[in-house]
$ cat structure.txt   # compact mmCIF, C-alpha atoms
# COMPACT_ATOMS: atom_id res chain seq x y z
CA MET N 698 0.00 0.00 0.00
CA ASP N 699 1.54 3.36 -1.03
CA ALA N 700 1.12 6.78 0.52
CA ALA N 701 -1.46 7.81 -2.02
CA THR N 702 -3.83 5.00 -1.21
CA ALA N 703 -3.20 4.43 2.49
CA PRO N 704 -5.97 5.62 4.84
CA VAL N 705 -5.23 7.45 8.03
CA ARG N 706 -4.20 4.77 10.53
CA THR N 707 -5.11 5.70 14.07
CA ALA N 708 -6.36 3.41 16.80
CA ARG N 709 -9.71 5.19 16.79
CA GLY N 710 -9.93 5.12 13.00
CA THR N 711 -9.19 1.40 12.91
CA ARG N 712 -11.88 0.75 15.51
CA TYR N 713 -14.39 2.78 13.51
CA ALA N 714 -13.47 0.90 10.34
CA LEU N 715 -13.87 -2.46 12.10
CA ALA N 716 -17.25 -1.34 13.45
CA GLY N 717 -18.40 -0.27 9.99
CA VAL N 718 -17.24 -3.48 8.33
CA SER N 719 -18.94 -5.55 11.02
CA LEU N 720 -22.16 -3.55 10.72
CA ALA N 721 -22.22 -4.11 6.96
CA TYR N 722 -21.98 -7.86 7.47
CA PHE N 723 -24.69 -7.53 10.11
CA MET N 724 -26.85 -5.91 7.41
CA VAL N 725 -26.20 -8.74 4.94
CA LEU N 726 -27.06 -11.45 7.48
CA LEU N 727 -30.02 -9.54 8.85
CA ASP N 728 -31.54 -9.59 5.38
CA THR N 729 -31.60 -13.38 5.52
CA THR N 730 -32.79 -13.92 9.08
CA VAL N 731 -35.43 -11.17 8.99
CA LEU N 732 -37.03 -12.71 5.90
CA ALA N 733 -37.18 -16.17 7.50
CA VAL N 734 -40.03 -15.30 9.86
CA ALA N 735 -41.80 -13.29 7.14
CA GLU N 736 -42.36 -16.36 4.94
CA PRO N 737 -46.02 -17.04 5.90
CA ASP N 738 -47.00 -13.38 5.40
CA LEU N 739 -45.11 -13.24 2.10
CA ILE N 740 -46.91 -16.37 0.89
CA ALA N 741 -50.30 -14.87 1.73
CA SER N 742 -49.53 -11.39 0.39
CA LEU N 743 -48.05 -12.46 -2.96
CA HIS N 744 -50.42 -15.41 -3.42
CA THR N 745 -47.62 -17.94 -3.73
CA ASP N 746 -46.67 -21.18 -1.91
CA VAL N 747 -43.77 -22.72 0.01
CA ILE N 748 -41.79 -23.08 -3.21
CA GLY N 749 -42.30 -19.39 -4.04
CA ALA N 750 -41.09 -18.39 -0.58
CA GLY N 751 -38.13 -20.69 -1.11
CA TRP N 752 -37.22 -18.87 -4.32
CA ALA N 753 -37.31 -15.56 -2.43
CA THR N 754 -34.55 -17.01 -0.26
CA THR N 755 -32.61 -18.93 -2.90
CA ALA N 756 -32.58 -16.05 -5.44
CA TYR N 757 -30.53 -14.10 -2.89
CA THR N 758 -28.23 -16.95 -1.90
CA MET N 759 -27.68 -18.12 -5.50
CA ALA N 760 -26.60 -14.65 -6.60
CA LEU N 761 -24.47 -14.30 -3.49
CA ALA N 762 -22.79 -17.68 -4.02
CA SER N 763 -22.15 -16.99 -7.71
CA GLY N 764 -20.85 -13.47 -7.19
CA LEU N 765 -18.67 -13.91 -4.11
CA VAL N 766 -15.60 -15.19 -5.91
CA LEU N 767 -15.91 -12.38 -8.45
CA GLY N 768 -16.40 -9.98 -5.54
CA GLY N 769 -13.17 -11.22 -4.00
CA GLY N 770 -11.40 -10.71 -7.30
CA LEU N 771 -12.80 -7.20 -7.61
CA ALA N 772 -11.62 -6.43 -4.06
CA ASP N 773 -8.10 -7.55 -4.94
CA ARG N 774 -8.12 -5.79 -8.33
CA PHE N 775 -9.68 -2.42 -7.50
CA GLY N 776 -9.14 -2.18 -3.74
CA ALA N 777 -11.21 -3.72 -0.96
CA GLY N 778 -12.34 -0.35 0.40
CA ARG N 779 -13.73 0.86 -2.93
CA VAL N 780 -15.62 -2.36 -3.69
CA PHE N 781 -16.93 -2.64 -0.14
CA GLY N 782 -18.17 0.98 -0.15
CA ALA N 783 -19.99 0.62 -3.47
CA GLY N 784 -21.61 -2.64 -2.38
CA SER N 785 -22.82 -1.21 0.93
CA ALA N 786 -24.40 1.86 -0.68
CA GLY N 787 -26.09 -0.23 -3.37
CA PHE N 788 -27.39 -2.69 -0.81
CA GLY N 789 -29.33 0.02 0.96
CA ALA N 790 -30.84 1.34 -2.28
CA VAL N 791 -31.91 -2.08 -3.63
CA SER N 792 -33.41 -3.00 -0.25
CA LEU N 793 -35.87 -0.16 -0.83
CA ALA N 794 -36.71 -1.66 -4.23
CA CYS N 795 -37.41 -5.01 -2.54
CA ALA N 796 -39.81 -3.32 -0.15
CA LEU N 797 -41.67 -1.76 -3.10
CA ALA N 798 -41.79 -4.91 -5.27
CA PRO N 799 -45.33 -5.31 -6.72
CA GLY N 800 -45.18 -9.09 -7.12
CA LEU N 801 -43.08 -12.23 -6.70
CA GLY N 802 -41.28 -11.80 -10.03
CA ALA N 803 -40.12 -8.28 -9.22
CA LEU N 804 -39.09 -9.37 -5.73
CA LEU N 805 -36.98 -12.20 -7.14
CA VAL N 806 -35.20 -9.82 -9.51
CA CYS N 807 -34.48 -7.39 -6.67
CA ARG N 808 -33.34 -10.19 -4.39
CA THR N 809 -30.93 -11.39 -7.09
CA VAL N 810 -29.41 -7.91 -7.41
CA LEU N 811 -29.24 -7.68 -3.62
CA GLY N 812 -27.29 -10.93 -3.52
CA LEU N 813 -24.78 -9.61 -6.06
CA LEU N 814 -24.26 -6.47 -3.97
CA ALA N 815 -23.80 -8.58 -0.84
CA ALA N 816 -21.14 -10.45 -2.83
CA ALA N 817 -19.18 -7.20 -3.01
CA ILE N 818 -19.50 -6.56 0.73
CA ILE N 819 -18.41 -9.85 2.30
CA PRO N 820 -15.02 -10.62 0.66
CA GLY N 821 -14.15 -6.94 0.76
CA SER N 822 -14.78 -6.86 4.50
CA MET N 823 -12.51 -9.86 5.09
CA ALA N 824 -9.72 -8.33 3.00
CA ILE N 825 -10.11 -5.05 4.91
CA ILE N 826 -9.74 -6.83 8.26
CA ALA N 827 -6.69 -8.73 6.98
CA ALA N 828 -5.10 -5.40 5.94
CA LEU N 829 -6.02 -3.50 9.09
CA PHE N 830 -4.86 -6.29 11.41
CA PRO N 831 -1.82 -8.04 9.83
CA GLU N 832 -0.61 -9.61 13.10
CA PRO N 833 -2.28 -13.06 13.56
CA ALA N 834 -3.39 -12.64 17.18
CA ALA N 835 -4.83 -9.16 16.55
CA ARG N 836 -6.53 -10.46 13.40
CA ALA N 837 -8.07 -13.34 15.37
CA ARG N 838 -9.50 -10.89 17.91
CA ALA N 839 -10.78 -8.60 15.15
CA LEU N 840 -12.44 -11.51 13.35
CA SER N 841 -14.10 -12.51 16.61
CA VAL N 842 -15.50 -8.99 17.02
CA TRP N 843 -16.63 -9.02 13.38
CA ALA N 844 -18.36 -12.37 13.85
CA ALA N 845 -19.95 -11.30 17.15
CA VAL N 846 -21.34 -8.02 15.79
CA SER N 847 -22.55 -9.65 12.60
CA GLY N 848 -23.82 -12.62 14.59
CA ALA N 849 -26.10 -10.24 16.45
CA ALA N 850 -28.10 -10.21 13.23
CA MET N 851 -29.01 -13.81 13.97
CA ALA N 852 -30.36 -12.82 17.37
CA ALA N 853 -32.05 -9.62 16.23
CA GLY N 854 -33.37 -10.89 12.90
CA PRO N 855 -36.15 -13.27 13.89
CA VAL N 856 -37.50 -11.07 16.72
CA LEU N 857 -37.12 -7.79 14.83
CA GLY N 858 -38.55 -9.41 11.72
CA GLY N 859 -41.47 -10.82 13.63
CA TRP N 860 -42.24 -7.43 15.17
CA LEU N 861 -41.99 -5.67 11.79
CA VAL N 862 -44.21 -8.23 10.08
CA GLU N 863 -46.79 -7.92 12.84
CA LEU N 864 -46.58 -4.13 12.52
CA SER N 865 -46.84 -3.64 8.74
CA GLY N 866 -46.19 -6.86 6.81
CA TRP N 867 -43.22 -8.47 5.11
CA ARG N 868 -42.22 -5.35 3.15
CA ALA N 869 -41.08 -3.62 6.33
CA VAL N 870 -38.26 -6.14 6.87
CA PHE N 871 -36.27 -4.64 3.99
CA LEU N 872 -36.54 -1.02 5.13
CA VAL N 873 -34.20 -1.51 8.10
CA ASN N 874 -31.25 -1.70 5.69
CA LEU N 875 -31.55 1.96 4.65
CA PRO N 876 -30.38 3.54 7.93
CA LEU N 877 -27.83 0.75 8.44
CA ALA N 878 -26.19 1.49 5.09
CA GLY N 879 -25.96 5.16 6.04
CA VAL N 880 -24.21 4.39 9.34
CA VAL N 881 -21.75 2.08 7.55
CA ALA N 882 -20.83 4.90 5.17
CA LEU N 883 -20.19 7.30 8.06
CA LEU N 884 -18.06 4.83 10.05
CA CYS N 885 -15.89 3.80 7.11
CA ARG N 886 -15.44 7.12 5.35
CA GLY N 887 -11.74 7.69 4.59
CA ARG N 888 -10.63 4.80 6.81
CA LEU N 889 -10.52 1.77 4.50
CA PRO N 890 -7.47 0.37 2.70
CA THR N 891 -7.69 0.91 -1.05
CA ALA N 892 -4.52 -0.84 -2.25
CA ALA N 893 -5.11 -2.75 -5.48
CA HIS N 894 -3.31 -5.66 -7.18
CA ARG N 895 -3.22 -6.29 -10.90
CA ARG N 896 -5.45 -9.31 -11.41
CA PRO N 897 -7.42 -10.41 -14.51
CA LEU N 898 -11.18 -10.85 -14.26
CA ASP N 899 -13.47 -13.13 -16.28
CA PRO N 900 -17.24 -13.12 -15.60
CA ALA N 901 -17.99 -16.23 -17.72
CA PRO N 902 -17.30 -18.87 -15.00
CA HIS N 903 -19.35 -16.88 -12.49
CA LEU N 904 -22.34 -16.68 -14.83
CA GLY N 905 -22.02 -20.40 -15.50
CA LEU N 906 -21.98 -21.12 -11.78
CA MET N 907 -25.14 -19.07 -11.29
CA ALA N 908 -26.88 -20.93 -14.13
CA ALA N 909 -25.85 -24.31 -12.70
CA LEU N 910 -27.10 -23.39 -9.23
CA ALA N 911 -30.38 -22.06 -10.62
CA ALA N 912 -30.98 -25.24 -12.62
CA LEU N 913 -30.12 -27.45 -9.64
CA THR N 914 -32.44 -25.47 -7.36
CA LEU N 915 -35.22 -25.74 -9.93
CA ALA N 916 -34.69 -29.51 -10.10
CA VAL N 917 -35.01 -29.82 -6.32
CA THR N 918 -38.10 -27.62 -6.09
CA GLU N 919 -39.82 -29.40 -8.97
CA ALA N 920 -39.20 -32.69 -7.16
CA GLY N 921 -41.10 -31.17 -4.25
CA HIS N 922 -44.08 -30.74 -6.58
CA LEU N 923 -43.60 -34.27 -8.00
CA ARG N 924 -43.09 -32.82 -11.48
CA TRP N 925 -40.53 -35.40 -12.47
CA GLU N 926 -40.24 -34.50 -16.16
CA THR N 927 -39.34 -30.89 -15.39
CA CYS N 928 -37.14 -32.06 -12.54
CA LEU N 929 -35.10 -34.34 -14.79
CA CYS N 930 -34.77 -31.64 -17.48
CA ALA N 931 -33.57 -29.13 -14.89
CA ALA N 932 -31.11 -31.66 -13.43
CA ALA N 933 -29.72 -32.33 -16.90
CA GLY N 934 -29.41 -28.58 -17.44
CA ALA N 935 -27.53 -28.26 -14.15
CA VAL N 936 -25.05 -30.94 -15.24
CA LEU N 937 -24.53 -29.30 -18.63
CA CYS N 938 -24.04 -25.89 -17.04
CA ALA N 939 -21.58 -27.36 -14.53
CA VAL N 940 -19.55 -29.02 -17.30
CA ALA N 941 -19.55 -25.84 -19.39
CA THR N 942 -18.52 -23.82 -16.33
CA ALA N 943 -15.65 -26.20 -15.57
CA ARG N 944 -14.39 -25.94 -19.15
CA ALA N 945 -14.68 -22.15 -19.18
CA ASP N 946 -12.93 -22.01 -15.82
CA GLY N 947 -10.10 -24.20 -17.10
CA ARG N 948 -9.47 -21.80 -20.00
CA SER N 949 -9.97 -18.64 -17.95
CA ARG N 950 -7.16 -16.25 -17.01
CA ALA N 951 -9.08 -15.66 -13.77
CA PRO N 952 -10.37 -19.07 -12.58
CA LEU N 953 -12.92 -19.37 -9.81
CA VAL N 954 -10.25 -20.85 -7.54
CA PRO N 955 -6.79 -19.28 -7.98
CA GLY N 956 -3.94 -21.67 -8.66
CA LEU N 957 -2.33 -20.90 -5.29
CA LEU N 958 -5.41 -22.34 -3.54
CA ARG N 959 -6.21 -25.38 -5.68
CA ARG N 960 -3.87 -27.70 -3.78
CA ASN N 961 -4.22 -26.03 -0.40
CA ARG N 962 -5.92 -28.77 1.61
CA PRO N 963 -6.59 -26.72 4.78
CA VAL N 964 -8.35 -24.00 2.79
CA GLN N 965 -10.33 -26.56 0.76
CA ALA N 966 -11.42 -28.28 3.97
CA ALA N 967 -12.62 -24.93 5.34
CA PHE N 968 -14.69 -24.42 2.18
CA ALA N 969 -16.39 -27.81 2.60
CA TRP N 970 -17.08 -27.29 6.30
CA GLY N 971 -18.52 -23.84 5.57
CA ALA N 972 -20.96 -25.31 3.04
CA ALA N 973 -22.14 -27.91 5.57
CA VAL N 974 -22.63 -25.31 8.34
CA ASN N 975 -24.68 -22.96 6.16
CA TYR N 976 -26.73 -25.85 4.78
CA ALA N 977 -27.63 -26.73 8.37
CA LEU N 978 -28.28 -23.14 9.46
CA THR N 979 -30.53 -22.37 6.48
CA THR N 980 -32.43 -25.61 6.95
CA VAL N 981 -33.34 -24.49 10.48
CA LEU N 982 -34.15 -20.89 9.54
CA PHE N 983 -36.28 -21.89 6.56
CA ALA N 984 -38.03 -25.02 7.85
CA VAL N 985 -38.79 -24.14 11.48
CA PRO N 986 -41.09 -21.14 10.74
CA LEU N 987 -43.05 -23.19 8.20
CA ALA N 988 -43.32 -26.22 10.50
CA LEU N 989 -44.47 -24.27 13.57
CA HIS N 990 -47.56 -22.64 11.97
CA GLU N 991 -47.31 -19.64 14.36
CA ASP N 992 -47.36 -15.89 13.88
CA ALA N 993 -44.10 -14.17 12.99
CA LEU N 994 -43.31 -12.74 16.44
CA ASP N 995 -43.86 -16.07 18.23
CA THR N 996 -41.68 -17.80 15.66
CA GLY N 997 -38.92 -15.26 16.19
CA LEU N 998 -39.04 -15.83 19.95
CA THR N 999 -38.93 -19.60 19.41
CA LEU N 1000 -35.72 -19.22 17.39
CA LEU N 1001 -33.98 -17.13 20.09
CA PRO N 1002 -32.27 -20.13 21.76
CA MET N 1003 -30.41 -20.65 18.47
CA THR N 1004 -29.75 -17.07 17.49
CA LEU N 1005 -28.51 -15.72 20.84
CA PRO N 1006 -25.40 -17.97 21.03
CA ILE N 1007 -24.51 -16.92 17.49
CA ALA N 1008 -24.44 -13.33 18.71
CA VAL N 1009 -22.61 -13.89 21.99
CA ASN N 1010 -20.31 -16.89 21.64
CA PRO N 1011 -17.95 -15.85 18.78
CA LEU N 1012 -15.86 -13.71 21.16
CA LEU N 1013 -15.18 -16.82 23.26
CA THR N 1014 -14.56 -18.82 20.09
CA GLY N 1015 -11.78 -16.41 19.12
CA ARG N 1016 -10.03 -17.01 22.43
CA LEU N 1017 -10.52 -20.76 22.13
CA ALA N 1018 -9.06 -20.79 18.62
CA ALA N 1019 -6.13 -18.56 19.61
CA ARG N 1020 -5.22 -20.93 22.45
CA PHE N 1021 -5.90 -24.38 21.02
CA GLY N 1022 -6.04 -23.85 17.25
CA ALA N 1023 -8.98 -23.44 14.94
CA LEU N 1024 -9.72 -27.15 14.48
CA VAL N 1025 -10.87 -27.49 18.10
CA PRO N 1026 -13.88 -25.12 17.83
CA ILE N 1027 -14.61 -26.43 14.33
CA ARG N 1028 -14.89 -29.98 15.67
CA LEU N 1029 -16.96 -28.85 18.64
CA GLY N 1030 -19.25 -26.87 16.36
CA LEU N 1031 -19.91 -29.68 13.90
CA ALA N 1032 -20.67 -32.08 16.77
CA ALA N 1033 -23.07 -29.61 18.41
CA LEU N 1034 -24.79 -28.95 15.08
CA ALA N 1035 -25.32 -32.64 14.41
CA LEU N 1036 -26.90 -33.14 17.84
CA GLY N 1037 -29.01 -29.99 17.56
CA LEU N 1038 -30.34 -30.86 14.10
CA ALA N 1039 -31.31 -34.34 15.19
CA GLY N 1040 -33.12 -32.94 18.23
CA THR N 1041 -34.86 -30.21 16.22
CA GLY N 1042 -36.21 -32.69 13.69
CA ALA N 1043 -37.41 -35.05 16.41
CA ALA N 1044 -39.08 -32.26 18.39
CA LEU N 1045 -40.94 -30.81 15.39
CA ALA N 1046 -42.09 -34.24 14.28
CA GLY N 1047 -43.42 -34.86 17.80
CA GLY N 1048 -45.58 -31.70 17.97
CA ASP N 1049 -46.11 -29.08 20.68
CA ARG N 1050 -45.47 -31.45 23.57
CA HIS N 1051 -41.73 -31.35 22.81
CA ARG N 1052 -41.16 -27.59 23.11
CA THR N 1053 -38.44 -28.01 25.75
CA VAL N 1054 -36.56 -30.45 23.53
CA LEU N 1055 -36.91 -28.02 20.64
CA GLY N 1056 -35.44 -25.16 22.68
CA LEU N 1057 -32.46 -27.23 23.80
CA ALA N 1058 -31.87 -28.53 20.28
CA LEU N 1059 -31.97 -25.03 18.80
CA PHE N 1060 -29.52 -23.89 21.48
CA ALA N 1061 -27.14 -26.66 20.42
CA CYS N 1062 -27.47 -25.53 16.80
CA GLY N 1063 -26.62 -21.97 17.83
CA LEU N 1064 -23.56 -23.11 19.75
CA GLY N 1065 -22.45 -25.14 16.74
CA VAL N 1066 -22.68 -22.23 14.33
CA SER N 1067 -21.01 -19.83 16.78
CA TRP N 1068 -18.09 -22.23 17.26
CA CYS N 1069 -17.64 -23.05 13.58
CA LEU N 1070 -17.96 -19.85 11.60
CA PRO N 1071 -15.39 -17.55 13.29
CA ALA N 1072 -12.89 -20.40 13.42
CA LEU N 1073 -13.47 -21.26 9.76
CA VAL N 1074 -12.79 -17.69 8.69
CA GLY N 1075 -9.55 -17.50 10.66
CA TYR N 1076 -8.53 -21.00 9.58
CA ALA N 1077 -8.98 -20.23 5.87
CA VAL N 1078 -7.35 -16.78 5.94
CA GLY N 1079 -4.51 -18.03 8.13
CA HIS N 1080 -3.61 -20.85 5.72
CA ALA N 1081 -3.79 -18.79 2.54
CA PRO N 1082 -1.17 -16.51 0.93
CA ALA N 1083 -1.70 -12.88 1.96
CA ARG N 1084 -2.31 -11.65 -1.58
CA THR N 1085 -5.26 -14.06 -1.96
CA ALA N 1086 -7.16 -12.79 1.11
CA GLY N 1087 -9.97 -11.32 -0.99
CA ALA N 1088 -10.28 -14.47 -3.09
CA VAL N 1089 -10.32 -16.71 -0.01
CA GLY N 1090 -13.05 -14.59 1.55
CA GLY N 1091 -15.08 -14.79 -1.63
CA ILE N 1092 -14.71 -18.54 -2.13
CA LEU N 1093 -15.36 -19.41 1.52
CA ASN N 1094 -18.56 -17.41 1.58
CA ALA N 1095 -19.51 -18.68 -1.88
CA THR N 1096 -19.35 -22.29 -0.72
CA ARG N 1097 -21.33 -21.32 2.37
CA GLN N 1098 -24.03 -19.77 0.22
CA VAL N 1099 -24.11 -22.79 -2.08
CA GLY N 1100 -24.87 -24.79 1.05
CA ALA N 1101 -27.53 -22.25 2.05
CA THR N 1102 -29.14 -22.38 -1.39
CA LEU N 1103 -29.36 -26.15 -1.40
CA GLY N 1104 -30.53 -26.22 2.23
CA ALA N 1105 -33.48 -23.91 1.49
CA ALA N 1106 -34.33 -25.77 -1.74
CA VAL N 1107 -34.29 -29.21 -0.13
CA ALA N 1108 -36.25 -28.06 2.93
CA GLY N 1109 -38.83 -26.37 0.72
CA ALA N 1110 -39.23 -29.44 -1.48
CA ALA N 1111 -39.55 -31.75 1.53
CA LEU N 1112 -42.18 -29.59 3.24
CA ALA N 1113 -44.07 -29.15 -0.03
CA LEU N 1114 -44.35 -32.95 -0.26
CA ARG N 1115 -45.63 -33.42 3.29
CA PRO N 1116 -45.70 -30.47 5.74
CA GLU N 1117 -46.74 -32.42 8.85
CA GLY N 1118 -45.95 -35.55 10.85
CA ALA N 1119 -42.71 -37.47 10.99
CA TRP N 1120 -41.74 -36.28 7.49
CA VAL N 1121 -41.01 -32.81 8.95
CA ALA N 1122 -37.81 -34.30 10.38
CA ALA N 1123 -36.49 -35.26 6.91
CA PRO N 1124 -34.64 -32.00 6.02
CA PHE N 1125 -33.06 -31.88 9.48
CA ALA N 1126 -31.89 -35.49 9.15
CA GLY N 1127 -30.16 -34.68 5.87
CA ALA N 1128 -28.44 -31.64 7.37
CA CYS N 1129 -27.39 -33.72 10.37
CA ALA N 1130 -25.78 -36.30 8.08
CA LEU N 1131 -23.74 -33.59 6.34
CA CYS N 1132 -22.46 -32.28 9.68
CA VAL N 1133 -21.51 -35.78 10.78
CA LEU N 1134 -19.49 -36.26 7.58
CA GLY N 1135 -17.77 -32.94 8.18
CA LEU N 1136 -17.01 -33.90 11.77
CA LEU N 1137 -15.48 -37.20 10.70
CA GLY N 1138 -13.22 -35.34 8.28
CA ALA N 1139 -12.19 -32.84 10.95
CA LEU N 1140 -11.46 -35.62 13.46
CA ALA N 1141 -9.40 -37.46 10.86
CA GLY N 1142 -7.28 -34.34 10.41
CA ALA N 1143 -8.65 -33.26 7.00
CA GLY N 1144 -6.99 -30.07 5.99
CA ARG N 1145 -4.33 -30.46 8.70
CA GLY N 1146 -1.74 -27.73 8.55
CA ARG N 1147 -0.90 -24.93 10.93
CA ALA N 1148 -3.25 -25.34 13.82
CA GLY N 1149 -3.53 -21.69 14.62
CA LEU N 1150 -5.49 -18.98 12.93
$ encode --input "structure.txt" --output "structure tokens"
Amino acid sequence: MDAATAPVRTARGTRYALAGVSLAYFMVLLDTTVLAVAEPDLIASLHTDVIGAGWATTAYTMALASGLVLGGGLADRFGAGRVFGAGSAGFGAVSLACALAPGLGALLVCRTVLGLLAAAIIPGSMAIIAALFPEPAARARALSVWAAVSGAAMAAGPVLGGWLVELSGWRAVFLVNLPLAGVVALLCRGRLPTAAHRRPLDPAPHLGLMAALAALTLAVTEAGHLRWETCLCAAAGAVLCAVATARADGRSRAPLVPGLLRRNRPVQAAFAWGAAVNYALTTVLFAVPLALHEDALDTGLTLLPMTLPIAVNPLLTGRLAARFGALVPIRLGLAALALGLAGTGAALAGGDRHRTVLGLALFACGLGVSWCLPALVGYAVGHAPARTAGAVGGILNATRQVGATLGAAVAGAALALRPEGAWVAAPFAGACALCVLGLLGALAGAGRGRAGL
């Protein structure tokens, strides 16, 4: 970073920048959790069904997953501060468009654009933290603060969303992003690193990835409606898009995964674990509100045992990872998630008489997420070359959003088939199996390298 591009580095300025970056990630996550409890009202207002509500979620996560790697590349190429600032401002503006959407089609378009803007925010924020806090221990503490502040979105989202829906319907859940985007701009103004690296960009693989994810999601949702002919056609389209994307990526000057990361086993393991964690988290956030059949505020309160640990525990996770290495909280988190998912599915299948079991199971899910995610971020960034920080942030969050997309699609398809009885446990059982596989890999030392962050 040269003198022309370096921001003013003071302790207060760095704290403000960290607060702004964390608040922006809070805004991105809040947009997901707030919408979760608004699903029943959205279905009634837009005259759609569970699958339509699922597309309102997956349109965002598909665009986010497809654009995150490109967002990381843009952060490295043009400067993390510039890309982050543009994404944050655009996020606030498009949130207003979501609130004004006249129908499901318009909402899906706006949600797709919102996901692309979020894809500029997340990898940029990780690259900014890596630049502001180059010393590993300080970076670990900063990442813990970032995860804790952003994790507060998990705690605030369901309750705030439930209150807003009760007050004035699902459209109100998008309006909270407008003042948040303004505060982010004030906190970060003139304080973000803007150093850039010469790096080629190629949008073709990213567009192919989005097409493959869209076709795969369509295949899953059509299976939920038992429309097997359309399902098979969409699945075939997903395979063709995936093959075309792989070929385009192989010829690209800017592949989805940079060459320096392709044989980096610790980073690849973090990507896989991130996908499993977000698959599990989205399964809970999407399926629980639809399975409970309660109003939005009551649903938000029911989810509090899961969301509160996600807000509070990351600070302790940072200390745990700094002392024992990142694999310890990752293993603990995957184990807690597996137990929590199994308990959540069993409790919902058993009906209202198992509310205590449901609360404990959701608490275990929250602990699992709060142990895994901060440690995964530090683990991936700590094992990657410094000049790939933006790309690592993009890919890690892309794989997480791929998991989120598939989690929402599978849960929606399962509940569309049979929304009551023992079948309600099916999406949770699938998520539990993924977490168990991830835990086995972590226990076997998958991705073993430097243990620290």
$ closest_residue --input "structure.txt" --among "N:Arg779, N:Arg962, N:Arg1016, N:Arg1028" --to "Gly1065 of chain N" --atoms "all atoms listed in the file"
N:Arg1028
$ residues_around --input "structure.txt" --residues "segment 1051-1060 of chain N" --least-positions-apart "3" --cutoff "7 Å" --atoms "only C-alpha atoms" --output "list in words"
Pro1002, Met1003, Gly1037, Leu1038, Gly1040, Thr1041, Ala1044, Gly1047, Gly1048, Gly1063 and Leu1064 of chain N
$ closest_residue --input "structure.txt" --among "N:Pro1082, N:Gly858, N:Pro833, N:Pro900" --to "Ala1018 of chain N" --atoms "all atoms listed in the file"
N:Pro833
$ closest_residue --input "structure.txt" --among "N:Phe1021, N:Phe1125, N:Trp1120, N:Trp970" --to "Ala1039 of chain N" --atoms "all atoms listed in the file"
N:Phe1125
$ atom_distance --input "structure.txt" --atom1 "atom CA of Thr979 of chain N" --atom2 "atom CA of Leu906 of chain N"
20.2 Å
$ closest_residue --input "structure.txt" --among "N:Met823, N:Ala1119, N:Leu814, N:Cys1129" --to "Leu889 of chain N" --atoms "all atoms listed in the file"
N:Met823
$ closest_residue --input "structure.txt" --among "N:Ala878, N:Cys928, N:Leu811, N:Ala945" --to "Ala901 of chain N" --atoms "only C-alpha atoms"
N:Ala945
$ closest_atom_pairs --input "structure.txt" --of "segment 729-804 of chain N" --to "segment 980-995 of chain N" --cutoff "10 Å" --atoms "only C-alpha atoms" --output "CSV"
residue,atom,partner,partner_atom,distance
N:Thr729,CA,N:Leu982,CA,8.9
N:Thr730,CA,N:Leu982,CA,7.1
N:Val731,CA,N:Leu982,CA,9.8
N:Leu732,CA,N:Phe983,CA,9.2
N:Ala733,CA,N:Phe983,CA,5.9
N:Val734,CA,N:Ala993,CA,5.3
N:Ala735,CA,N:Ala993,CA,6.3
N:Glu736,CA,N:Leu987,CA,7.6
N:Pro737,CA,N:Leu987,CA,7.2
N:Asp738,CA,N:Ala993,CA,8.2
N:Val747,CA,N:Leu987,CA,8.2
N:Ala750,CA,N:Phe983,CA,9.3
N:Gly751,CA,N:Phe983,CA,8.0
N:Thr754,CA,N:Phe983,CA,8.6
